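Asks: Sending over final.csv (CSV, C-alpha atoms).
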```
chain,number,residue,atom,x,y,z
O,136,MET,CA,-82.4,-101.3,62.8
O,137,ASP,CA,-79.4,-101.6,65.0
O,138,ARG,CA,-81.6,-102.0,68.1
O,139,ASP,CA,-82.6,-105.5,66.8
O,140,LEU,CA,-79.0,-106.4,66.3
O,141,VAL,CA,-78.0,-105.2,69.8
O,142,GLU,CA,-80.8,-107.3,71.3
O,143,SER,CA,-79.8,-110.3,69.3
O,144,ALA,CA,-76.2,-109.9,70.4
O,145,GLN,CA,-77.4,-109.6,74.0
O,146,HIS,CA,-79.0,-113.0,73.5
O,147,GLY,CA,-75.7,-114.5,72.5
O,148,ASP,CA,-75.9,-114.0,68.7
O,149,GLN,CA,-72.2,-113.7,67.8
O,150,ALA,CA,-72.9,-112.9,64.2
O,151,ALA,CA,-75.1,-110.0,65.2
O,152,PHE,CA,-72.4,-108.6,67.4
O,153,VAL,CA,-69.9,-108.9,64.5
O,154,ASP,CA,-72.3,-107.0,62.2
O,155,LEU,CA,-72.6,-104.3,64.9
O,156,ILE,CA,-68.9,-103.8,65.3
O,157,ARG,CA,-68.1,-104.1,61.6
O,158,ALA,CA,-70.2,-100.9,61.1
O,159,ARG,CA,-68.3,-99.1,63.8
O,160,VAL,CA,-64.7,-100.4,63.8
O,161,ASP,CA,-63.2,-97.7,61.6
O,162,ARG,CA,-64.4,-94.9,63.8
O,163,LEU,CA,-63.3,-96.7,67.0
O,164,TYR,CA,-59.9,-97.5,65.5
O,165,ALA,CA,-59.4,-93.9,64.5
O,166,THR,CA,-60.1,-92.9,68.1
O,167,ALA,CA,-57.8,-95.5,69.5
O,168,HIS,CA,-55.0,-94.6,67.2
O,169,ARG,CA,-55.2,-90.9,67.9
O,170,ILE,CA,-55.0,-91.5,71.7
O,171,LEU,CA,-52.3,-94.2,71.6
O,172,ARG,CA,-50.3,-93.0,68.5
O,173,ASP,CA,-49.2,-96.5,67.7
O,174,VAL,CA,-50.7,-99.1,65.3
O,175,ASP,CA,-50.0,-102.2,67.3
O,176,ARG,CA,-51.2,-100.8,70.6
O,177,SER,CA,-54.3,-99.3,69.0
O,178,GLU,CA,-55.2,-102.7,67.5
O,179,ASP,CA,-54.6,-104.4,70.8
O,180,ALA,CA,-56.7,-101.9,72.8
O,181,LEU,CA,-59.5,-101.9,70.4
O,182,GLN,CA,-59.6,-105.7,70.2
O,183,ASP,CA,-59.6,-106.0,74.0
O,184,ALA,CA,-62.4,-103.4,74.3
O,185,LEU,CA,-64.5,-105.2,71.8
O,186,VAL,CA,-64.1,-108.5,73.5
O,187,ILE,CA,-65.0,-106.9,76.8
O,188,ALA,CA,-68.1,-105.3,75.1
O,189,TRP,CA,-69.2,-108.8,74.0
O,190,ARG,CA,-68.7,-110.2,77.5
O,191,ASP,CA,-70.6,-107.3,79.2
O,192,LEU,CA,-73.2,-106.6,76.6
O,193,ARG,CA,-76.1,-108.2,78.5
O,194,GLY,CA,-75.5,-105.5,81.2
O,195,LEU,CA,-76.4,-102.7,78.7
O,196,ARG,CA,-80.0,-101.9,79.8
O,197,ASP,CA,-80.8,-99.5,76.9
O,198,PRO,CA,-79.9,-100.9,73.4
O,199,GLU,CA,-80.2,-97.3,72.1
O,200,ARG,CA,-77.2,-96.4,74.2
O,201,PHE,CA,-75.0,-99.0,72.5
O,202,ASP,CA,-72.8,-96.6,70.5
O,203,ALA,CA,-72.0,-94.3,73.5
O,204,TRP,CA,-71.4,-97.4,75.7
O,205,LEU,CA,-69.1,-99.0,73.2
O,206,HIS,CA,-67.2,-95.7,72.6
O,207,ARG,CA,-66.7,-95.4,76.3
O,208,LEU,CA,-65.3,-98.9,76.6
O,209,VAL,CA,-62.8,-98.2,73.8
O,210,VAL,CA,-61.7,-94.9,75.3
O,211,ARG,CA,-61.3,-96.4,78.7
O,212,GLU,CA,-59.3,-99.3,77.3
O,213,CYS,CA,-57.0,-96.8,75.5
O,214,ILE,CA,-56.5,-94.8,78.7
O,215,ASP,CA,-55.6,-98.1,80.6
O,216,GLN,CA,-53.3,-99.2,77.8
O,217,ALA,CA,-51.6,-95.8,77.8
O,218,THR,CA,-51.3,-95.8,81.6
O,219,ARG,CA,-49.6,-99.2,81.5
O,220,GLU,CA,-47.3,-98.1,78.8
O,221,ARG,CA,-46.4,-94.9,80.7
O,222,ARG,CA,-45.5,-96.9,83.8
O,223,ARG,CA,-43.2,-99.1,81.6
O,224,THR,CA,-41.5,-96.1,80.0
O,225,ALA,CA,-41.6,-93.5,82.8
O,226,ASN,CA,-38.9,-91.4,81.3
O,227,LEU,CA,-40.7,-88.4,80.2
O,228,ARG,CA,-40.7,-85.5,82.6
O,229,MET,CA,-43.3,-82.7,82.4
O,230,LEU,CA,-41.5,-79.4,82.2
O,231,PRO,CA,-42.8,-76.1,83.6
O,232,VAL,CA,-45.4,-74.1,81.8
O,233,GLU,CA,-43.1,-71.1,81.6
O,234,GLY,CA,-40.8,-71.0,78.6
O,235,PRO,CA,-40.1,-69.4,75.2
O,236,ALA,CA,-43.2,-68.4,73.3
O,237,ALA,CA,-42.7,-71.0,70.6
O,238,PHE,CA,-46.3,-70.6,69.3
O,239,ASP,CA,-45.7,-67.3,67.7
O,240,ASP,CA,-44.1,-69.1,64.8
O,241,LEU,CA,-46.7,-70.9,62.8
O,242,MET,CA,-44.1,-73.0,61.0
O,243,THR,CA,-43.0,-74.4,64.4
O,244,LEU,CA,-46.7,-75.1,65.2
O,245,ALA,CA,-46.9,-77.2,62.0
O,246,ASP,CA,-44.1,-79.4,63.0
O,247,ARG,CA,-45.7,-82.8,63.4
O,248,ASP,CA,-42.8,-84.3,65.3
O,249,GLN,CA,-43.0,-81.6,67.9
O,250,LEU,CA,-46.8,-82.2,68.2
O,251,GLU,CA,-46.2,-85.9,68.6
O,252,ARG,CA,-43.6,-85.5,71.3
O,253,GLY,CA,-45.8,-82.9,73.1
O,254,PHE,CA,-48.9,-85.1,72.9
O,255,ARG,CA,-47.0,-88.0,74.4
O,256,ARG,CA,-46.0,-85.9,77.4
O,257,LEU,CA,-49.7,-85.6,78.3
O,258,SER,CA,-51.4,-88.0,80.7
O,259,PRO,CA,-53.6,-90.6,79.1
O,260,ASP,CA,-56.8,-88.9,80.4
O,261,GLN,CA,-55.7,-85.6,78.8
O,262,ARG,CA,-54.9,-87.3,75.5
O,263,ALA,CA,-58.4,-88.9,75.5
O,264,ILE,CA,-60.1,-85.6,76.3
O,265,LEU,CA,-58.2,-83.8,73.5
O,266,VAL,CA,-59.1,-86.5,71.0
O,267,LEU,CA,-62.8,-86.5,72.0
O,268,HIS,CA,-62.9,-82.7,71.7
O,269,HIS,CA,-60.8,-82.0,68.6
O,270,PHE,CA,-61.3,-85.2,66.6
O,271,HIS,CA,-64.9,-86.0,67.4
O,272,GLY,CA,-66.0,-82.4,68.1
O,273,TYR,CA,-67.5,-83.4,71.5
O,274,ALA,CA,-68.6,-80.7,73.8
O,275,PRO,CA,-67.6,-81.0,77.5
O,276,SER,CA,-71.0,-82.5,78.3
O,277,GLU,CA,-70.4,-85.3,75.8
O,278,ILE,CA,-66.9,-85.8,77.0
O,279,ALA,CA,-68.3,-86.1,80.5
O,280,GLU,CA,-70.7,-88.7,79.4
O,281,THR,CA,-68.1,-90.7,77.6
O,282,LEU,CA,-65.6,-90.7,80.4
O,283,GLY,CA,-68.2,-91.0,83.2
O,284,ILE,CA,-67.3,-87.8,84.9
O,285,ALA,CA,-69.2,-84.6,85.8
O,286,PRO,CA,-69.6,-81.9,83.1
O,287,GLY,CA,-67.8,-79.4,85.2
O,288,THR,CA,-64.9,-81.8,85.7
O,289,ALA,CA,-64.8,-82.4,81.9
O,290,ARG,CA,-64.6,-78.6,81.3
O,291,SER,CA,-61.8,-78.2,83.8
O,292,ARG,CA,-59.9,-81.2,82.5
O,293,LEU,CA,-60.2,-79.9,78.9
O,294,HIS,CA,-58.8,-76.6,80.0
O,295,HIS,CA,-55.9,-78.3,81.8
O,296,ALA,CA,-55.3,-80.6,78.8
O,297,HIS,CA,-54.9,-77.5,76.5
O,298,ARG,CA,-52.6,-76.0,79.0
O,299,ALA,CA,-50.6,-79.1,79.4
O,300,MET,CA,-50.3,-79.4,75.6
O,301,ARG,CA,-49.0,-75.9,75.4
O,302,ALA,CA,-46.6,-76.5,78.2
O,303,ALA,CA,-45.3,-79.7,76.6
O,304,LEU,CA,-44.8,-78.0,73.2
O,305,ASP,CA,-43.1,-75.0,74.9
O,306,ALA,CA,-40.8,-77.4,76.8
O,307,ASP,CA,-40.0,-79.2,73.6
O,308,SER,CA,-39.1,-76.0,71.9
O,309,ARG,CA,-36.9,-75.0,74.8
O,310,VAL,CA,-35.1,-78.3,74.7
O,311,ALA,CA,-34.6,-77.9,70.9
O,312,PHE,CA,-33.5,-74.3,71.4
O,313,GLU,CA,-31.0,-75.1,74.2
O,314,GLY,CA,-29.7,-78.1,72.3
O,315,GLY,CA,-29.1,-76.0,69.2
O,316,ARG,CA,-27.3,-73.2,71.2
O,317,SER,CA,-24.9,-75.7,72.9
O,318,ALA,CA,-24.0,-77.4,69.6
X,192,MET,CA,-55.4,-66.0,73.9
X,193,THR,CA,-53.9,-66.2,70.5
X,194,ARG,CA,-51.7,-69.0,71.6
X,195,GLU,CA,-54.6,-70.9,73.1
X,196,ARG,CA,-56.5,-70.6,69.8
X,197,ASP,CA,-53.4,-71.6,67.8
X,198,ILE,CA,-53.2,-74.8,69.9
X,199,GLU,CA,-56.8,-75.6,69.3
X,200,ARG,CA,-56.6,-75.0,65.6
X,201,LEU,CA,-53.5,-77.0,65.4
X,202,LEU,CA,-55.0,-80.0,67.2
X,203,ASP,CA,-58.1,-79.8,65.0
X,204,THR,CA,-55.8,-80.1,61.9
X,205,TRP,CA,-53.4,-82.7,63.4
X,206,PHE,CA,-56.2,-85.1,64.5
X,207,ARG,CA,-57.7,-85.0,61.0
X,208,GLU,CA,-54.5,-86.7,59.8
X,209,GLY,CA,-54.0,-90.4,60.6
X,210,PRO,CA,-55.7,-93.7,59.8
X,211,THR,CA,-59.5,-93.7,59.3
X,212,GLU,CA,-59.9,-97.4,58.4
X,213,ALA,CA,-59.3,-100.3,60.7
X,214,PRO,CA,-57.4,-103.4,59.5
X,215,ASP,CA,-59.7,-106.4,58.8
X,216,ARG,CA,-57.7,-108.5,61.1
X,217,ILE,CA,-59.3,-106.7,64.1
X,218,ILE,CA,-62.8,-108.0,63.2
X,219,ASP,CA,-61.4,-111.5,62.5
X,220,ALA,CA,-59.6,-111.6,65.8
X,221,VAL,CA,-62.7,-110.4,67.8
X,222,ALA,CA,-65.0,-112.9,66.0
X,223,ASP,CA,-62.5,-115.7,66.8
X,224,GLN,CA,-62.2,-114.7,70.5
X,225,ILE,CA,-65.9,-114.2,71.2
X,226,GLY,CA,-66.5,-117.7,69.8
X,227,HIS,CA,-64.7,-119.0,72.9
X,228,ARG,CA,-66.0,-116.6,75.4
X,229,SER,CA,-69.4,-116.5,77.1
X,230,GLN,CA,-71.3,-113.4,78.1
X,231,ARG,CA,-71.7,-112.3,81.6
X,232,PRO,CA,-75.2,-112.5,82.8
X,233,ALA,CA,-77.0,-109.1,83.1
X,234,TRP,CA,-77.7,-109.6,86.8
X,235,ARG,CA,-74.0,-110.0,87.7
X,236,LEU,CA,-73.5,-106.6,89.4
X,237,ASP,CA,-70.4,-105.3,91.0
X,238,TRP,CA,-71.4,-105.7,94.6
X,239,ARG,CA,-68.4,-103.8,95.9
X,240,HIS,CA,-70.2,-100.6,94.8
X,241,ILE,CA,-73.5,-101.4,96.4
X,242,HIS,CA,-74.1,-100.3,99.9
X,243,MET,CA,-76.6,-102.7,101.6
X,244,THR,CA,-78.6,-101.9,104.7
X,245,SER,CA,-79.7,-104.7,106.9
X,246,THR,CA,-83.3,-104.4,105.7
X,247,PHE,CA,-82.1,-104.5,102.1
X,248,LYS,CA,-80.0,-107.6,102.8
X,249,LEU,CA,-83.0,-109.3,104.3
X,250,ALA,CA,-85.2,-108.4,101.4
X,251,THR,CA,-82.6,-109.6,99.0
X,252,ALA,CA,-82.3,-112.9,100.8
X,253,VAL,CA,-86.2,-113.4,100.7
X,254,VAL,CA,-86.3,-112.5,97.0
X,255,ALA,CA,-83.4,-114.9,96.3
X,256,LEU,CA,-85.1,-117.8,98.2
X,257,ALA,CA,-88.4,-117.1,96.3
X,258,LEU,CA,-86.5,-117.2,93.1
X,259,VAL,CA,-84.8,-120.5,93.9
X,260,ALA,CA,-88.2,-122.0,94.8
X,261,VAL,CA,-89.8,-120.8,91.5
X,262,VAL,CA,-86.9,-122.0,89.5
X,263,GLY,CA,-86.9,-125.4,91.3
X,264,TYR,CA,-90.6,-125.8,90.7
X,265,THR,CA,-90.1,-125.0,87.0
X,266,LEU,CA,-87.4,-127.6,86.7
X,267,LEU,CA,-89.5,-130.4,88.2
X,268,PRO,CA,-90.3,-133.1,85.7
X,269,LYS,CA,-93.7,-132.6,84.2
X,270,SER,CA,-96.0,-135.0,82.3
X,271,SER,CA,-95.4,-134.9,78.6
X,272,SER,CA,-98.0,-133.9,76.1
X,273,ALA,CA,-99.4,-136.3,73.6
X,274,ASP,CA,-96.9,-135.5,70.9
X,275,GLY,CA,-94.0,-135.9,73.3
X,276,SER,CA,-93.1,-132.2,73.4
X,277,ALA,CA,-92.1,-130.7,76.7
X,278,GLY,CA,-94.5,-127.8,76.7
X,279,HIS,CA,-94.2,-124.0,76.4
X,280,GLY,CA,-91.6,-122.8,73.9
X,281,SER,CA,-90.4,-126.2,72.8
X,282,THR,CA,-92.4,-126.2,69.6
X,283,SER,CA,-90.9,-122.9,68.5
X,284,ILE,CA,-87.7,-122.6,66.5
X,285,GLU,CA,-86.9,-119.4,68.2
X,286,GLY,CA,-83.9,-119.6,70.4
X,287,THR,CA,-80.3,-120.8,70.3
X,288,TRP,CA,-79.4,-124.4,69.2
X,289,VAL,CA,-76.1,-126.2,69.3
X,290,THR,CA,-74.7,-129.3,67.7
X,291,THR,CA,-71.2,-130.8,67.3
X,292,PHE,CA,-69.8,-133.4,64.9
X,293,THR,CA,-66.4,-134.3,63.5
X,294,LYS,CA,-65.2,-134.2,59.9
X,295,ALA,CA,-65.4,-138.0,59.9
X,296,ASP,CA,-69.1,-137.7,60.9
X,297,LEU,CA,-69.7,-135.3,58.1
X,298,ALA,CA,-67.9,-137.5,55.5
X,299,ALA,CA,-69.8,-140.6,56.7
X,300,SER,CA,-73.2,-138.9,56.6
X,301,PRO,CA,-75.6,-140.7,54.2
X,302,LEU,CA,-77.1,-137.2,53.6
X,303,LEU,CA,-73.9,-135.8,52.1
X,304,ALA,CA,-75.0,-134.0,48.9
X,305,ASP,CA,-71.5,-133.3,47.5
X,306,GLN,CA,-68.0,-134.3,48.3
X,307,ALA,CA,-67.1,-130.7,48.2
X,308,GLU,CA,-69.1,-130.3,51.4
X,309,ILE,CA,-66.3,-132.1,53.2
X,310,ASN,CA,-64.2,-129.1,54.2
X,311,ASP,CA,-63.0,-127.5,57.4
X,312,GLY,CA,-65.8,-124.9,57.3
X,313,ASN,CA,-68.4,-127.5,57.6
X,314,TRP,CA,-67.7,-129.4,60.8
X,315,GLY,CA,-67.0,-128.8,64.5
X,316,LYS,CA,-69.1,-127.0,67.1
X,317,TRP,CA,-72.1,-125.1,65.7
X,318,THR,CA,-74.4,-122.5,67.4
X,319,LEU,CA,-77.5,-121.6,65.5
X,320,THR,CA,-79.8,-118.8,66.6
X,321,PHE,CA,-83.2,-117.8,65.4
X,322,ARG,CA,-84.6,-114.7,67.0
X,323,ASN,CA,-87.0,-111.9,65.9
X,324,GLY,CA,-86.8,-112.9,62.2
X,325,ARG,CA,-83.0,-113.1,62.3
X,326,VAL,CA,-80.9,-116.2,61.8
X,327,SER,CA,-77.2,-116.6,62.5
X,328,TYR,CA,-74.7,-119.4,63.0
X,329,VAL,CA,-71.2,-119.7,64.3
X,330,GLN,CA,-69.0,-122.7,63.4
X,331,SER,CA,-65.6,-123.5,64.9
X,332,ASN,CA,-63.2,-126.3,65.0
X,333,SER,CA,-59.5,-126.7,65.6
X,334,VAL,CA,-58.5,-125.4,62.2
X,335,ASP,CA,-61.2,-123.1,61.0
X,336,GLY,CA,-64.2,-121.1,61.9
X,337,SER,CA,-67.0,-119.3,60.1
X,338,LEU,CA,-70.2,-117.3,60.8
X,339,SER,CA,-73.0,-116.0,58.8
X,340,SER,CA,-76.3,-114.1,59.5
X,341,GLY,CA,-79.5,-113.1,57.7
X,342,THR,CA,-83.2,-113.5,58.0
X,343,PHE,CA,-85.6,-116.4,58.2
X,344,THR,CA,-89.2,-117.2,57.7
X,345,THR,CA,-91.3,-120.2,58.7
X,346,ASP,CA,-94.6,-121.4,57.3
X,347,GLY,CA,-95.7,-124.4,59.2
X,348,ASP,CA,-92.8,-126.8,59.2
X,349,ALA,CA,-91.2,-125.0,56.2
X,350,LEU,CA,-88.1,-122.9,57.0
X,351,VAL,CA,-86.3,-120.6,54.6
X,352,MET,CA,-83.1,-118.8,55.7
X,353,ALA,CA,-81.7,-116.0,53.6
X,354,PHE,CA,-78.1,-115.2,54.6
X,355,LYS,CA,-76.9,-111.6,54.1
X,356,THR,CA,-73.5,-111.5,55.7
X,357,GLY,CA,-70.6,-113.8,56.4
X,358,ALA,CA,-69.7,-117.1,54.9
X,359,ASN,CA,-73.0,-117.7,53.2
X,360,ALA,CA,-73.8,-114.1,52.2
X,361,GLY,CA,-76.3,-114.1,49.3
X,362,GLU,CA,-77.3,-117.8,49.8
X,363,THR,CA,-80.8,-119.0,50.7
X,364,PHE,CA,-81.3,-122.4,52.3
X,365,GLY,CA,-84.6,-124.3,53.0
X,366,PHE,CA,-85.5,-127.2,55.2
X,367,ARG,CA,-88.5,-128.8,56.9
X,368,TRP,CA,-88.0,-128.6,60.7
X,369,SER,CA,-89.5,-130.2,63.8
X,370,THR,CA,-88.8,-130.2,67.5
X,371,SER,CA,-89.2,-132.8,70.1
X,372,GLY,CA,-88.6,-131.5,73.6
X,373,ASP,CA,-85.4,-129.5,73.3
X,374,VAL,CA,-84.2,-131.2,70.1
X,375,LEU,CA,-84.4,-129.6,66.7
X,376,THR,CA,-84.2,-131.7,63.5
X,377,PHE,CA,-84.0,-130.6,59.9
X,378,ARG,CA,-85.1,-132.4,56.8
X,379,ARG,CA,-84.3,-131.6,53.2
X,380,ASP,CA,-87.0,-130.5,50.8
X,381,ALA,CA,-85.8,-129.6,47.4
X,382,ALA,CA,-88.9,-127.5,46.9
X,383,LEU,CA,-87.7,-125.1,49.6
X,384,GLY,CA,-84.2,-124.7,48.2
X,385,PRO,CA,-80.8,-126.2,48.8
X,386,GLY,CA,-80.2,-127.7,52.3
X,387,PRO,CA,-76.5,-128.0,53.2
X,388,THR,CA,-75.5,-131.2,55.0
X,389,PRO,CA,-74.0,-129.6,58.1
X,390,PHE,CA,-77.6,-128.8,59.2
X,391,LEU,CA,-78.5,-132.5,58.9
X,392,VAL,CA,-75.6,-134.5,60.3
X,393,ARG,CA,-76.8,-134.3,63.9
X,394,SER,CA,-79.9,-133.0,65.6
X,395,TRP,CA,-79.6,-129.7,67.4
X,396,SER,CA,-80.0,-129.2,71.2
X,397,ARG,CA,-81.6,-126.1,72.6
X,398,ALA,CA,-79.1,-123.9,74.5
X,399,SER,CA,-81.5,-121.1,75.3
```
If you took the structure in this file and wrote it as structure tokens, what would it be?

Replies:
Amino acid sequence: MDRDLVESAQHGDQAAFVDLIRARVDRLYATAHRILRDVDRSEDALQDALVIAWRDLRGLRDPERFDAWLHRLVVRECIDQATRERRRTANLRMLPVEGPAAFDDLMTLADRDQLERGFRRLSPDQRAILVLHHFHGYAPSEIAETLGIAPGTARSRLHHAHRAMRAALDADSRVAFEGGRSA
Amino acid sequence: MTRERDIERLLDTWFREGPTEAPDRIIDAVADQIGHRSQRPAWRLDWRHIHMTSTFKLATAVVALALVAVVGYTLLPKSSSADGSAGHGSTSIEGTWVTTFTKADLAASPLLADQAEINDGNWGKWTLTFRNGRVSYVQSNSVDGSLSSGTFTTDGDALVMAFKTGANAGETFGFRWSTSGDVLTFRRDAALGPGPTPFLVRSWSRAS
């Protein structure tokens, strides 16, 4: 029973903590990688979050909430990591929503490079929300719990994240289109 | 609406791609780091986010003073019992114990069972925890570190530890044990199973 492991880890049992995270690290890494889109930064963020989890574990009042608490720490660390990275490379400009209707063409939709570029244009919060919703299948109420925000805010942010993704993809298509025309 | 649904479908598919297994080095790195990092106490709250009224401040101060008094009283020296133990809890193996010894100490131990025991996974700082039927240890020194966990049972002074994960996964060790005050000592008893020397080089001090 993981409750026993959590309680042992809360009492300083390092091996119990390692057993706990060993059973969860794949899922957490998958989350981190989808938010950060980079192997090294995903590993760094996950490692930092797990060490923070060890440090703060005694503050977790209900051991049954360990999974949600840990997931929240990892997502928060990824958002922080992405925010720092964004400040370092502040060279991406969000283009207006209006633009060519690139989504009518399913082949264009399938272009992974375009998705990658579009996703990177989003704010770290928006990336995290899209990963929680589309990768983990979280409803807005679960996203709210993970991010520590109100359910209404989560719904609104999810809507804006979809909109921003569409805008980013449209902008990317327009750049490609204009680039192609001028060539 | 079609475009909105397209984006959602596309994201569903796209996120299914990508790695689903974490590299082992993440666990290794975390295990190494937590070996050198203590946990924050549960009562350490972020006071910046707590609004305190004057009454609450006064009540907090009274509670803190009472706590200091109780802790101080508890820590006052008490008369020892006949067997030299220090009272409540000290005769139980439950808790966390620590010991430290060098590779030279290990090599020089008269209890060394096998020369092969003189290796970097068998010396350094050790933390051994017995709690709720679970046993675990963490060992670290300047060149190596290891950990293992499993279950334990006691019957009088007989202790049997069955390790399930980590360095000693699948191994069962047995010892006779005794405590005196906050010191834990192991003794080999072949009838209980093998007893590795690192448990015997030094006695163990209670950490919690």

Asks: What's the 8 Å shell around O:Leu195, counting only C-alpha atoms, without same-chain residues fewer than 4 positions away, as a ChimeraX atom specification?

Replies: /O:191,200-201,204 /X:233

Asks: Go through X:Gln306, X:Thr345, X:Thr356, X:Ser331 and flag the residue nearest chain O, using all atoms listed in the file for the distances.

Replies: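 Nearest to chain O: X:Thr356.
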
Asks: Could you check the closest approach to chain X for each of O:Ala203, O:Leu208, O:Tyr273, O:His268 and tell me which residue wins, using all atoms listed in the file?

Replies: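 The closest residue to chain X is O:His268.
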
Asks: Would you list the contacts of X:Ser337 as a list of chain:residue names, taking every protein, DNA or RNA residue within 10 Å and counting all atoms listed in the file, but skipping same-chain residues closer than 2 positions in sequence?

Replies: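 In the requested form, the answer reads O:Ala150, X:Asp219, X:Ala222, X:Asp223, X:Gly226, X:Asp311, X:Gly312, X:Asn313, X:Trp317, X:Tyr328, X:Val329, X:Gln330, X:Ser331, X:Asn332, X:Asp335, X:Ser339, X:Gly357, X:Ala358, X:Asn359.
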
Asks: Got a sec: who's within 8 Å of O:Arg138, counting only C-alpha atoms, leaving out chain neighbours fewer than 3 positions off, as a ChimeraX atom specification?

Replies: /O:141-142,198-199

Asks: Can you write just those residues out, C-alpha atoms, as an mmCIF file, keeping the file's coordinate frame?

Replies:
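Dumped to out38.cif:
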```
data_model
loop_
_atom_site.group_PDB
_atom_site.id
_atom_site.type_symbol
_atom_site.label_atom_id
_atom_site.label_comp_id
_atom_site.auth_asym_id
_atom_site.auth_seq_id
_atom_site.Cartn_x
_atom_site.Cartn_y
_atom_site.Cartn_z
ATOM 1 C CA VAL O 141 -78.000 -105.200 69.800
ATOM 2 C CA GLU O 142 -80.800 -107.300 71.300
ATOM 3 C CA PRO O 198 -79.900 -100.900 73.400
ATOM 4 C CA GLU O 199 -80.200 -97.300 72.100
#
```

Asks: Considering all atoms listed in the file, tabulate each residue of chain O that lies at most 9 Å from chain X along with its nearest interatomic pair and the corresponding distance in Å to one decimal; arrange the rows by chain and ascending residue number and present them as a Markdown table.

Replies:
```
| residue | atom | partner | partner_atom | distance |
| --- | --- | --- | --- | --- |
| O:Asp139 | CA | X:Asn323 | CA | 7.8 |
| O:Leu140 | CA | X:Arg325 | CA | 8.8 |
| O:Ser143 | CA | X:Arg322 | CA | 6.9 |
| O:Gln145 | CA | X:Gln230 | CA | 8.3 |
| O:His146 | CA | X:Thr287 | CA | 8.5 |
| O:Gly147 | CA | X:Gln230 | CA | 7.2 |
| O:Asp148 | CA | X:Thr320 | CA | 6.5 |
| O:Gln149 | CA | X:Val329 | CA | 7.0 |
| O:Ala150 | CA | X:Ser327 | CA | 5.9 |
| O:Ala151 | CA | X:Ser340 | CA | 7.1 |
| O:Phe152 | CA | X:Ala222 | CA | 8.7 |
| O:Val153 | CA | X:Ala222 | CA | 6.5 |
| O:Asp154 | CA | X:Thr356 | CA | 8.0 |
| O:Ile156 | CA | X:Ile218 | CA | 7.7 |
| O:Arg157 | CA | X:Ile218 | CA | 6.8 |
| O:Val160 | CA | X:Ala213 | CA | 6.2 |
| O:Asp161 | CA | X:Glu212 | CA | 4.6 |
| O:Arg162 | CA | X:Thr211 | CA | 6.8 |
| O:Leu163 | CA | X:Ala213 | CA | 8.3 |
| O:Tyr164 | CA | X:Ala213 | CA | 5.6 |
| O:Ala165 | CA | X:Thr211 | CA | 5.2 |
| O:Thr166 | CA | X:Thr211 | CA | 8.9 |
| O:His168 | CA | X:Pro210 | CA | 7.5 |
| O:Arg169 | CA | X:Phe206 | CA | 6.8 |
| O:Glu178 | CA | X:Ile217 | CA | 6.7 |
| O:Asp179 | CA | X:Ile217 | CA | 8.5 |
| O:Leu181 | CA | X:Ile217 | CA | 7.9 |
| O:Gln182 | CA | X:Val221 | CA | 6.1 |
| O:Asp183 | CA | X:Val221 | CA | 8.2 |
| O:Leu185 | CA | X:Val221 | CA | 6.8 |
| O:Val186 | CA | X:Val221 | CA | 6.2 |
| O:Trp189 | CA | X:Gln230 | CA | 6.5 |
| O:Arg190 | CA | X:Gln230 | CA | 4.2 |
| O:Asp191 | CA | X:Arg231 | CA | 5.7 |
| O:Leu192 | CA | X:Gln230 | CA | 7.2 |
| O:Arg193 | CA | X:Ala233 | CA | 4.8 |
| O:Gly194 | CA | X:Ala233 | CA | 4.3 |
| O:Leu195 | CA | X:Ala233 | CA | 7.8 |
| O:Arg196 | CA | X:Ala233 | CA | 8.5 |
| O:Ala236 | CA | X:Arg194 | CA | 8.7 |
| O:Phe238 | CA | X:Arg194 | CA | 6.1 |
| O:Asp239 | CA | X:Arg194 | CA | 7.4 |
| O:Leu241 | CA | X:Asp197 | CA | 8.4 |
| O:Leu244 | CA | X:Leu201 | CA | 7.1 |
| O:Ala245 | CA | X:Leu201 | CA | 7.4 |
| O:Arg247 | CA | X:Trp205 | CA | 7.7 |
| O:Leu250 | CA | X:Trp205 | CA | 8.2 |
| O:Leu265 | CA | X:Leu202 | CA | 8.0 |
| O:Val266 | CA | X:Phe206 | CA | 7.3 |
| O:His268 | CA | X:Asp203 | CA | 8.7 |
| O:His269 | CA | X:Asp203 | CA | 5.0 |
| O:Phe270 | CA | X:Phe206 | CA | 5.5 |
| O:Gly272 | CA | X:Asp203 | CA | 8.9 |
| O:His297 | CA | X:Ile198 | CA | 7.3 |
| O:Arg298 | CA | X:Glu195 | CA | 8.1 |
| O:Met300 | CA | X:Ile198 | CA | 7.9 |
| O:Arg301 | CA | X:Ile198 | CA | 7.0 |
```

Asks: To one decimal place, how far is atom CA of O:Pro286 from atom CA of O:Leu257 in Å?

Replies: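 Here the two named atoms are 20.8 Å from each other.
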
Asks: What separation in Å, quoted to one decimal, exists between atom CA of X:Ser333 and atom CA of X:Pro301?

Replies: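 Going from atom CA of X:Ser333 over to atom CA of X:Pro301, I get 24.2 Å.
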
Asks: By how many Å are atom CA of X:Leu391 and atom CA of O:Ala144 apart?

Replies: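 About the pair atom CA of X:Leu391 and atom CA of O:Ala144: they are 25.5 Å apart.
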